[in-house]
Each structure stands twice: as C-alpha cells, then as structure tokens.
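Peer 1: Okay, handing you the structure first.
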Amino acid sequence: MTRTALATIMLLAVATPARADQTGLLIDGTLVKPIGGEGRVAESSGAGGEIVMLPTSSWLIQIGGYGVFGRPATGVEARDIFDLHLIAGMTPASRSATVAPYAGVGIDILSITTRDHDKGKTVRGSTLGVSAQAGLLGRFADRGLLKASASYLGAIVPGTGDDLGGLVLQLAVGMAFD
Amino acid sequence: MRALGWGLVVVLSVTPALAHAGEERFIGAVTTARMAAPGPDSHLVHFATGGALSILWLEDCRGGSLCGGIDTSALFLRGDGDQRLYDLSVGLTGSLPLDEPVAPFLAVGLDLVSAAIAERDGSMSRGVGFGVHGDLGLHALLGERFYARGQIGYLGAAVGGVKGEVGIGYRFE
C-alpha cells in the first residue's frame, strides 16, 4: 500500500508539465518532538513561515522561521524554540510538478528558553543548529502550495547543555508566484 | 546603551545602500507594539507594551510576483516594574505587490536585544543578546504616500514571546 502510494506520487511528480512559478510564500503549523530528551522534555508546538525559491529545476532554497512553545506539564521541562533557518535542497521532480519530493540540509539560528516548572527555573540563550529535512511540496488550484516536511534538528540547548535532538514536523499552506 | 549604539551602526550602514537601488519603495513606519510571553503557568501573558520605528525597503514589483525587501526596526518595550526590552532587528521580507489593495507579507530576521526581565523568583536578569524573529502581516499603501501595517509574530531574543504591531508610515522617493 505504501509502495503504491509512493509510486503514484513519483509518477505524478514526473508526469506533470512544468510551469513558470519560481517562488512561494507559506505559513505553517509546527510541532517539535524531542528525541534526545524524550520523557524529560515536553513537545513544543506553534507556527511559522517560509519563503521557498526554486532557482533551477532541481534546487530548492527555503528561508523561514518558526516559534514553538513547550507544553506545560508536571515532571517535564518546557522548551520554547524560536528559529530562523536557511535550507538548501534538491528534488528529482520538475520545478512545478504537482507533487515534488525533496530533501535538504540547512543551518538554523535558534533562541531557546527552557522552563523547569518543578524547580521554578528558566534558562535562555541563542545558538546555532543543523537540520536535515525531507518533505513533499504539492501544488493545487492555480497558485496554491502545500508542503509537508519532517526535519531532524541538532543543536546544544543553551544554559542546560542538553542535546536538543528534535524531530520537527511541519504542515504548510501558501501561494506560488512567478 | 551599547546595544543601541551597535543598532545605529547597523541601520546607518544598511540605509545608504538601499537608497541607491533602482525600482523600489522606501517606507518609514511608526508602530505600536504589544508582546506576550509565557507566564508562571506557561500560558502566554502580557509582557510589555511600546512602539517601534521601522524602515522598509521593498522591491517595486507588480502583478503576481513576490516582492523581496529588507526591514530594519528599532523596538522599545516597557513592561511591569523595571522590565524593559530594546530590540534592533534586520530581516528579509517577502510580500505581495503593494499595488494590491492589501498585501500579505512574511518577514524573518536577526535581532540584537538589550533587556531586563523579572524572573519567577523575583530577581531581575539583565543583558544583551542575539536572537531571531518572524512576522506575518498585512500592509497597504493608502494613496500615493501613506502606508499602514499590521503584523503578528514571534520574537525569540531575551524573553521569547509573541508580538503584535499596528502602525502607519510614509513612502519616500
């Protein structure tokens, strides 16, 4: 079933004729699931935005950011993450394929606040991170864009020294431009 | 004070370069701003209120294109007691053309912040730091010269929170 779905997506991506759209503006919902601190750090959720550029048929550049707030809970730390990133990716599909799978790597500038409710302690700071992202960029109607992506964000949390090691899941909607 | 000095250097170094560009819009704006940050129970509560002075350079594109721009802003916020946040930001903007009646825009960028923040134990944290921001908003030209803008976004420098701004401006030659 999964293979059939993937094959369908790939065929759609390859078969669709190219269009001239080269830039997209997207807003997204973002969920950060800690992998390194699972059980000790709560999930964080929020929103963000993205400018997507398709300078050639195979390259994809994303400039964007997001802000997510840690969910308060007893016994776990809440982590607020504010991000600005630049991601360079590649796609095997044509520039304006209906569905284009892609993968990319990027650099993240991060401001992180960690709140420990039990100890009543808050630590803040800024740092750099590295991310690897895979996703699908889809088109609908005349100018509509949809993007679903999963990233691994690696960084050291300022103040605590913990490994951020987070899975960043994003679902975005937006518009494409010439 | 040191942060404001550095901020002035950044704005002065960016502004003359922008003024020499060709087809563009050069807009100065004044906004009122409110910021909320996670409180003791982690829910967003009012942190500070104030205003900002912004200079926006926006490429003069038309039709269905996405216009690129650069926005510099000096933000001054006063919170309860001695809480303060002074922020100088530089960012990239992507916007629908301003020849539309109302144009949505997205902006992300870097911040230099000088802040004094009350901690939960009653002590004050003071310092200068770097951070990031992102904004989503609507802006419009009112006639030939006047300009209006409303935006909401996150500010992740010093205290991380959500910020809203509404303001007016003027388009220069």
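Identifiers in the structure tokens: chain A, B, ... in order shown; residue index from 1 per chain; ligand index from 1 in order shown.
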Per residue of chain B within 7 Å of chain A, note the shortest atom pair and the distance in Å to one decimal, counting only C-alpha atoms, and order the rows by chain and increasing residue number, as JSON lines.
Peer 2:
{"residue": "B:Ser42", "atom": "CA", "partner": "A:Pro72", "partner_atom": "CA", "distance": 5.9}
{"residue": "B:Gly64", "atom": "CA", "partner": "A:Phe177", "partner_atom": "CA", "distance": 5.9}
{"residue": "B:Ser65", "atom": "CA", "partner": "A:Phe177", "partner_atom": "CA", "distance": 5.2}
{"residue": "B:Leu66", "atom": "CA", "partner": "A:Phe177", "partner_atom": "CA", "distance": 5.8}
{"residue": "B:Leu106", "atom": "CA", "partner": "A:Gly49", "partner_atom": "CA", "distance": 6.8}
{"residue": "B:Val108", "atom": "CA", "partner": "A:Gly64", "partner_atom": "CA", "distance": 6.2}
{"residue": "B:Gly109", "atom": "CA", "partner": "A:Leu84", "partner_atom": "CA", "distance": 6.9}
{"residue": "B:Arg120", "atom": "CA", "partner": "A:Gly120", "partner_atom": "CA", "distance": 6.7}
{"residue": "B:Phe130", "atom": "CA", "partner": "A:Ser126", "partner_atom": "CA", "distance": 6.5}
{"residue": "B:Gly131", "atom": "CA", "partner": "A:Ser111", "partner_atom": "CA", "distance": 5.5}
{"residue": "B:Val132", "atom": "CA", "partner": "A:Leu84", "partner_atom": "CA", "distance": 6.1}
{"residue": "B:Gly134", "atom": "CA", "partner": "A:Gly65", "partner_atom": "CA", "distance": 6.2}
{"residue": "B:Tyr154", "atom": "CA", "partner": "A:Gly67", "partner_atom": "CA", "distance": 5.9}
{"residue": "B:Gly156", "atom": "CA", "partner": "A:Phe82", "partner_atom": "CA", "distance": 5.0}
{"residue": "B:Ala157", "atom": "CA", "partner": "A:Ser111", "partner_atom": "CA", "distance": 6.2}
{"residue": "B:Ala158", "atom": "CA", "partner": "A:Arg124", "partner_atom": "CA", "distance": 6.9}
{"residue": "B:Gly160", "atom": "CA", "partner": "A:Thr113", "partner_atom": "CA", "distance": 6.8}
Peer 1: Could you turn the residues from that selection into a file that holds C-alpha atoms, as a PDB file, in the first residue's frame?
Peer 2:
ATOM      1  CA  SER B  42       3.435  28.670  30.923  1.00  0.00           C
ATOM      2  CA  GLY B  64       1.568  38.177  -9.485  1.00  0.00           C
ATOM      3  CA  SER B  65       5.175  38.450  -8.387  1.00  0.00           C
ATOM      4  CA  LEU B  66       6.608  38.088  -4.916  1.00  0.00           C
ATOM      5  CA  LEU B 106       6.221  37.410   5.679  1.00  0.00           C
ATOM      6  CA  VAL B 108      12.197  36.750   9.184  1.00  0.00           C
ATOM      7  CA  GLY B 109      15.410  38.124  10.581  1.00  0.00           C
ATOM      8  CA  ARG B 120       9.988  33.887  38.755  1.00  0.00           C
ATOM      9  CA  PHE B 130      21.171  37.956  19.892  1.00  0.00           C
ATOM     10  CA  GLY B 131      18.027  36.302  18.660  1.00  0.00           C
ATOM     11  CA  VAL B 132      15.620  35.753  15.803  1.00  0.00           C
ATOM     12  CA  GLY B 134       9.416  36.108  12.347  1.00  0.00           C
ATOM     13  CA  TYR B 154       7.419  35.732  17.402  1.00  0.00           C
ATOM     14  CA  GLY B 156      12.980  34.876  20.235  1.00  0.00           C
ATOM     15  CA  ALA B 157      15.541  37.159  21.800  1.00  0.00           C
ATOM     16  CA  ALA B 158      15.956  37.559  25.578  1.00  0.00           C
ATOM     17  CA  GLY B 160      10.764  34.525  23.861  1.00  0.00           C
TER      18      GLY B 160
END
Peer 1: Could you list, as a PDB file with C-alpha atoms, in the first residue's frame, every residue within 6 Å of B:Thr72, counting only C-alpha atoms and ignoring same-chain residues fewer than 2 positions away?
Peer 2:
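So around28.pdb came out as:
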ATOM      1  CA  SER B  54      10.855  50.813  11.051  1.00  0.00           C
ATOM      2  CA  ILE B  55      12.479  51.398   7.697  1.00  0.00           C
ATOM      3  CA  SER B  89      16.287  43.903  14.016  1.00  0.00           C
ATOM      4  CA  VAL B  90      17.252  43.392  10.393  1.00  0.00           C
TER       5      VAL B  90
END
Peer 1: What does the distance from atom CA of A:Ala132 to atom CA of B:Phe105 come to in Å, to one decimal?
Peer 2: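 Pair atom CA of A:Ala132 / atom CA of B:Phe105 returns 26.5 Å.
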Peer 1: At what distance in Å, to one decimal, does atom CA of B:Gly137 lie from atom CA of B:Val30?
Peer 2: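 Between atom CA of B:Val30 and atom CA of B:Gly137 the gap works out to 15.1 Å.
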Peer 1: Just list as a PyMOL selection string whatever in chain B DSSP marks as alpha helix (DSSP H).
Peer 2: chain B and resi 2-19
Peer 1: Quick check for you: according to DSSP on this backbone, which residues of chain B are classed as strand (DSSP E)? Reply as a PyMOL selection string.
Peer 2: chain B and resi 24-38+44-59+67-79+84-95+103-118+124-142+146-157+159-172
